[in-house]
Each structure stands twice: as structure tokens, then as C-alpha cells.
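Data file: query_23.json. Format and content: JSON, C-alpha atoms and all ligand atoms.
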[["chain", "number", "residue", "atom", "x", "y", "z"],
["M", 7, "MET", "CA", -9.04, 16.05, -2.30],
["M", 8, "LEU", "CA", -9.22, 12.28, -1.90],
["M", 9, "LYS", "CA", -10.63, 10.56, 1.16],
["M", 10, "GLY", "CA", -9.67, 7.19, 2.52],
["M", 11, "SER", "CA", -10.67, 5.12, 5.53],
["M", 12, "CYS", "CA", -10.55, 1.66, 7.05],
["M", 13, "CYS", "CA", -13.47, -0.77, 6.84],
["M", 14, "CYS", "CA", -15.01, 0.28, 10.19],
["M", 15, "GLY", "CA", -14.40, 4.01, 9.64],
["M", 16, "ALA", "CA", -12.34, 4.53, 12.80],
["M", 17, "VAL", "CA", -9.30, 5.61, 10.76],
["M", 18, "GLN", "CA", -9.89, 8.37, 8.23],
["M", 19, "PHE", "CA", -7.42, 10.33, 6.17],
["M", 20, "ARG", "CA", -7.27, 12.56, 3.15],
["M", 21, "LEU", "CA", -4.83, 13.54, 0.42],
["M", 22, "SER", "CA", -4.62, 17.09, -0.85],
["M", 23, "GLU", "CA", -3.34, 15.90, -4.23],
["M", 24, "PRO", "CA", -3.84, 12.64, -6.11],
["M", 25, "PRO", "CA", -1.08, 10.04, -5.92],
["M", 26, "ALA", "CA", 1.16, 9.82, -8.97],
["M", 27, "MET", "CA", 2.10, 6.16, -8.82],
["M", 28, "MET", "CA", 0.26, 2.87, -8.29],
["M", 29, "GLY", "CA", 1.87, -0.55, -8.20],
["M", 30, "THR", "CA", 1.05, -4.10, -7.21],
["M", 31, "CYS", "CA", 3.37, -6.30, -5.17],
["M", 32, "HIS", "CA", 2.90, -10.04, -5.44],
["M", 33, "CYS", "CA", 5.30, -10.97, -2.60],
["M", 34, "THR", "CA", 4.05, -13.34, 0.06],
["M", 35, "ARG", "CA", 4.06, -10.61, 2.70],
["M", 36, "CYS", "CA", 1.92, -8.08, 0.83],
["M", 37, "ARG", "CA", -0.42, -10.88, -0.18],
["M", 38, "LYS", "CA", -0.98, -12.06, 3.40],
["M", 39, "ILE", "CA", -1.42, -8.54, 4.66],
["M", 40, "GLY", "CA", -4.00, -7.93, 1.95],
["M", 41, "ALA", "CA", -2.46, -4.77, 0.61],
["M", 42, "SER", "CA", -0.91, -5.86, -2.66],
["M", 43, "THR", "CA", -1.97, -2.83, -4.67],
["M", 44, "PHE", "CA", -0.72, 0.44, -3.28],
["M", 45, "VAL", "CA", -0.21, 4.06, -4.21],
["M", 46, "PHE", "CA", 2.74, 6.25, -3.27],
["M", 47, "VAL", "CA", 1.73, 9.50, -1.60],
["M", 48, "LYS", "CA", 3.75, 12.56, -0.67],
["M", 49, "ARG", "CA", 4.03, 13.18, 3.03],
["M", 50, "GLU", "CA", 2.92, 16.82, 2.68],
["M", 51, "SER", "CA", -0.25, 15.82, 0.85],
["M", 52, "PHE", "CA", -1.36, 13.38, 3.57],
["M", 53, "SER", "CA", -3.38, 14.24, 6.66],
["M", 54, "LEU", "CA", -4.95, 11.98, 9.21],
["M", 55, "ILE", "CA", -8.49, 13.17, 9.97],
["M", 56, "GLU", "CA", -9.11, 10.81, 12.87],
["M", 57, "GLY", "CA", -8.27, 7.44, 14.34],
["M", 58, "ALA", "CA", -4.63, 7.81, 15.41],
["M", 59, "ALA", "CA", -5.40, 5.68, 18.49],
["M", 60, "PHE", "CA", -6.64, 2.83, 16.27],
["M", 61, "ILE", "CA", -3.53, 2.64, 14.11],
["M", 62, "THR", "CA", -1.42, -0.37, 15.04],
["M", 63, "THR", "CA", 1.99, -0.93, 13.50],
["M", 64, "TYR", "CA", 3.55, -4.27, 12.67],
["M", 65, "GLN", "CA", 7.34, -4.13, 12.72],
["M", 66, "PRO", "CA", 8.72, -7.12, 10.81],
["M", 67, "ASP", "CA", 11.86, -9.02, 11.76],
["M", 68, "ALA", "CA", 15.06, -8.36, 9.81],
["M", 69, "PRO", "CA", 15.88, -8.40, 6.94],
["M", 70, "TYR", "CA", 12.46, -6.89, 6.26],
["M", 71, "GLN", "CA", 12.29, -3.23, 7.15],
["M", 72, "TYR", "CA", 8.96, -1.83, 6.14],
["M", 73, "LYS", "CA", 6.42, -1.34, 8.89],
["M", 74, "ARG", "CA", 2.78, -2.01, 8.09],
["M", 75, "CYS", "CA", -0.14, -0.21, 9.67],
["M", 76, "PHE", "CA", -3.57, -1.63, 10.43],
["M", 77, "CYS", "CA", -6.77, -0.53, 12.08],
["M", 78, "SER", "CA", -6.79, -2.32, 15.44],
["M", 79, "ARG", "CA", -10.59, -2.55, 15.39],
["M", 80, "CYS", "CA", -11.36, -3.95, 11.90],
["M", 81, "GLY", "CA", -7.93, -5.12, 10.67],
["M", 82, "THR", "CA", -7.90, -3.10, 7.44],
["M", 83, "ALA", "CA", -4.39, -2.85, 6.01],
["M", 84, "LEU", "CA", -3.49, 0.82, 5.64],
["M", 85, "GLY", "CA", 0.03, 0.67, 4.25],
["M", 86, "GLU", "CA", 2.69, 2.82, 5.88],
["M", 87, "ILE", "CA", 0.60, 5.82, 6.85],
["M", 88, "THR", "CA", 2.68, 6.59, 9.94],
["M", 89, "SER", "CA", 5.90, 6.75, 7.91],
["M", 90, "SER", "CA", 8.09, 9.81, 8.28],
["M", 91, "LEU", "CA", 9.56, 9.40, 4.80],
["M", 92, "ALA", "CA", 8.90, 12.01, 2.12],
["M", 93, "SER", "CA", 6.87, 9.49, 0.15],
["M", 94, "PHE", "CA", 5.24, 6.29, 1.38],
["M", 95, "PRO", "CA", 2.77, 3.62, 0.23],
["M", 96, "ILE", "CA", -0.89, 3.45, 1.19],
["M", 97, "ALA", "CA", -3.06, 0.45, 0.36],
["M", 98, "ALA", "CA", -5.19, 1.34, -2.66],
["M", 99, "ASN", "CA", -8.11, -0.62, -1.13],
["M", 100, "CYS", "CA", -8.75, 1.94, 1.56],
["M", 101, "PHE", "CA", -9.59, 4.90, -0.68],
["M", 102, "ASP", "CA", -13.24, 5.96, -0.64],
["M", 103, "ASP", "CA", -12.91, 8.31, -3.59],
["M", 104, "VAL", "CA", -12.11, 7.17, -7.10],
["M", 105, "LEU", "CA", -8.41, 7.17, -7.88],
["M", 106, "SER", "CA", -7.58, 8.69, -11.24],
["M", 107, "ILE", "CA", -4.65, 6.36, -11.88],
["M", 108, "SER", "CA", -4.47, 2.65, -12.60],
["M", 109, "ASN", "CA", -1.85, 0.06, -11.82],
["M", 110, "GLN", "CA", 1.52, 0.91, -13.41],
["M", 111, "PHE", "CA", 3.66, -2.12, -12.56],
["M", 112, "HIS", "CA", 3.79, -5.52, -10.91],
["M", 113, "GLU", "CA", 6.70, -6.42, -8.64],
["M", 114, "PHE", "CA", 7.86, -9.71, -7.10],
["M", 115, "VAL", "CA", 5.99, -11.55, -9.84],
["M", 116, "LYS", "CA", 8.21, -14.57, -9.10],
["M", 117, "GLU", "CA", 6.25, -15.01, -5.85],
["M", 118, "LYS", "CA", 2.83, -14.67, -7.48],
["M", 119, "PRO", "CA", 0.60, -17.67, -6.79],
["M", 120, "ASP", "CA", -0.74, -19.63, -9.78],
["M", 121, "TRP", "CA", -4.32, -18.91, -8.77],
["M", 122, "TYR", "CA", -3.87, -15.22, -9.55],
["M", 123, "SER", "CA", -3.67, -14.08, -13.18],
["M", 124, "ILE", "CA", -2.31, -10.66, -14.10],
["M", 125, "CYS", "CA", -4.94, -9.11, -16.36],
["M", 126, "ASP", "CA", -3.46, -5.73, -17.24],
["M", 127, "GLU", "CA", -0.67, -4.56, -19.51],
["M", 128, "ALA", "CA", 1.46, -3.01, -16.77],
["M", 129, "GLN", "CA", 5.16, -3.83, -16.74],
["M", 130, "GLN", "CA", 6.15, -6.88, -14.72],
["M", 131, "PHE", "CA", 9.28, -7.31, -12.58],
["M", 132, "LEU", "CA", 10.37, -10.64, -11.12],
["M", 133, "GLU", "CA", 11.60, -8.84, -8.01],
["M", 134, "HIS", "CA", 11.86, -5.20, -6.98],
["M", 135, "PRO", "CA", 11.91, -2.83, -10.01],
["M", 136, "HIS", "CA", 15.21, -1.29, -8.88],
["M", 137, "THR", "CA", 17.16, -4.57, -8.61],
["H", 1, "ZN", "ZN", -11.20, 0.12, 11.21],
["H", 2, "ZN", "ZN", 5.41, -7.01, -1.24]]
Translate this structure into C-alpha cells?
Ligand SMILES: [Zn+2]
Ligand SMILES: [Zn+2]
Amino acid sequence: MLKGSCCCGAVQFRLSEPPAMMGTCHCTRCRKIGASTFVFVKRESFSLIEGAAFITTYQPDAPYQYKRCFCSRCGTALGEITSSLASFPIAANCFDDVLSISNQFHEFVKEKPDWYSICDEAQQFLEHPHT
């Protein structure tokens, strides 16, 4: 079991099984939100322990479609933890326990700022890996 929480501890969740994929998105949106490195978790492995009332959702304007969740008290980016999809991303930053995987790819590298250097061997994609 893996535990995760926001900075202030109001939002707490756990995963019954470790995530199988970790990636890093260098797009301007993920960068500003502060959740560039994320893991994909299976819906059935995720449970919210507490803090549902503190989860605020940002719904972006079209053409962007992915909602982003935050703790309304401390601002920690949580990823898409309220998603109803079978699999969804959670910000890797908010795990309290050690994740057994490391970053597997970089996406939207074309938007990466010059001040950030990629220092791992993971595969790089200029945009989304599926395009
Ligand atoms: Zn918080
Ligand atoms: Zn992104």
C-alpha cells in the first residue's frame, strides 16, 4: 500500500497497488501547475482516505480537456484524483511512500524551458507520445 497526501495533510489517499507508469510532461500547463512528473494509477486501486471537501478542480477552457485537482488549503497539485476514468494521473510529488518506479518518458519536450535539463535516459517525445 502506498500513501499520498497534500502539503498540509488535509487530503490523504492510498493506492492498493503500485503504479505501473511514470512520466514527465514539460508543457507550459503542467509546469505552471507544478505537477510535471506524474504516475498513472488504476481507479480500483485508488481510495481517498480524507479531504474530499478540500479538493478543488480546475476545468480548463477548450481545447484543453483535462481537469486538475488541488488542495484548496495549501495549493498542492494532486493530478486528476477525482477522475472517473479507469486510469488517471496523480502528481508524483504528493506520494509519502517511496515509489518503486522511476520516470519512463518525457513528453512535450518542445515546450521545455532552457533552464531545465533532462538528466535521465528516459525516452523523449516532442509532443504527446501517441501523436
Ligand atoms: Zn493541503
Ligand atoms: Zn503537460
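Environment of ligand ZN 2 (chain H), defined as every protein or nucleic acid residue with an atom within 10 Å of it and counting all atoms listed in the file, comprises Thr30, Cys31, His32, Cys33, Thr34, Arg35, Cys36, Arg37, Lys38, Ile39, Gly40, Ala41, Ser42, Thr43, Phe44, Tyr72, His112, Glu113, Phe114, Val115, Glu117, Glu133 and His134 of chain M.
Between ligand ZN 1 (chain H) and the residues M:Cys80, M:Cys75, M:Ala26, M:Ile61, the shortest atom-to-atom distance, using all atoms listed in the file, involves M:Cys80.
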- Message: Let me see if you get this right: every residue at most 9 Å from ligand ZN 1 (chain H), counting all atoms listed in the file, written as number ranges by chain.
- Response: M: 11-18, 57, 60-61, 76-82
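With distances restricted to all atoms listed in the file, M:Gly29 is the closest residue to Pro95 (chain M) from M:Pro135, M:Pro119, M:Gly29, M:Pro69.
For the residues M:Ala128, M:Met7, M:Leu54, M:Ala59, ranking by smallest atom-to-atom distance to Leu105 (chain M) using only C-alpha atoms places M:Met7 first.
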- Task: Please indicate the distance in Å from CA of Arg49 (chain M) to CA of Gly85 (chain M), rounded to one decimal place.
- Result: 13.2 Å
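Closest approach to Lys9 (chain M) from the set M:Ala68, M:Ala98, M:Ala92, M:Ile124 is made by M:Ala98, with distances taken over all atoms listed in the file.
What separates CA of Gln65 (chain M) from CA of Gly10 (chain M) is a distance of 22.8 Å.
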With 3 Å of padding per side, what axis-aligned box (centre and edge lengths, Å, one decimal) covers all the listed atoms of region 66-83 of chain M? Give it as lines of an AutoDock Vina configuration file.
center_x = 2.3
center_y = -4.6
center_z = 10.7
size_x = 33.2
size_y = 14.8
size_z = 15.4
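Relative to CA of Ser89 (chain M), CA of Val47 (chain M) is found at 10.7 Å.
Considering the residues M:Trp121, M:Ile96, M:Ser53, M:Glu127 and counting all atoms listed in the file, Arg74 (chain M) has its shortest atom-to-atom contact with M:Ile96.
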- Might you pull out every residue within 6 Å of Leu21 (chain M), with only C-alpha atoms counted and same-chain residues fewer than 2 positions away left off, and present them as a ChimeraX atom specification? /M:7-8,23,51-52
With C-alpha atoms retained, export the selected residues as a PDB file, in the frame of the given file.
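The resulting file, part.pdb, is shown below:
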ATOM      1  CA  MET M   7      -9.040  16.050  -2.300  1.00  0.00           C
ATOM      2  CA  LEU M   8      -9.220  12.280  -1.900  1.00  0.00           C
ATOM      3  CA  GLU M  23      -3.340  15.900  -4.230  1.00  0.00           C
ATOM      4  CA  SER M  51      -0.250  15.820   0.850  1.00  0.00           C
ATOM      5  CA  PHE M  52      -1.360  13.380   3.570  1.00  0.00           C
TER       6      PHE M  52
END
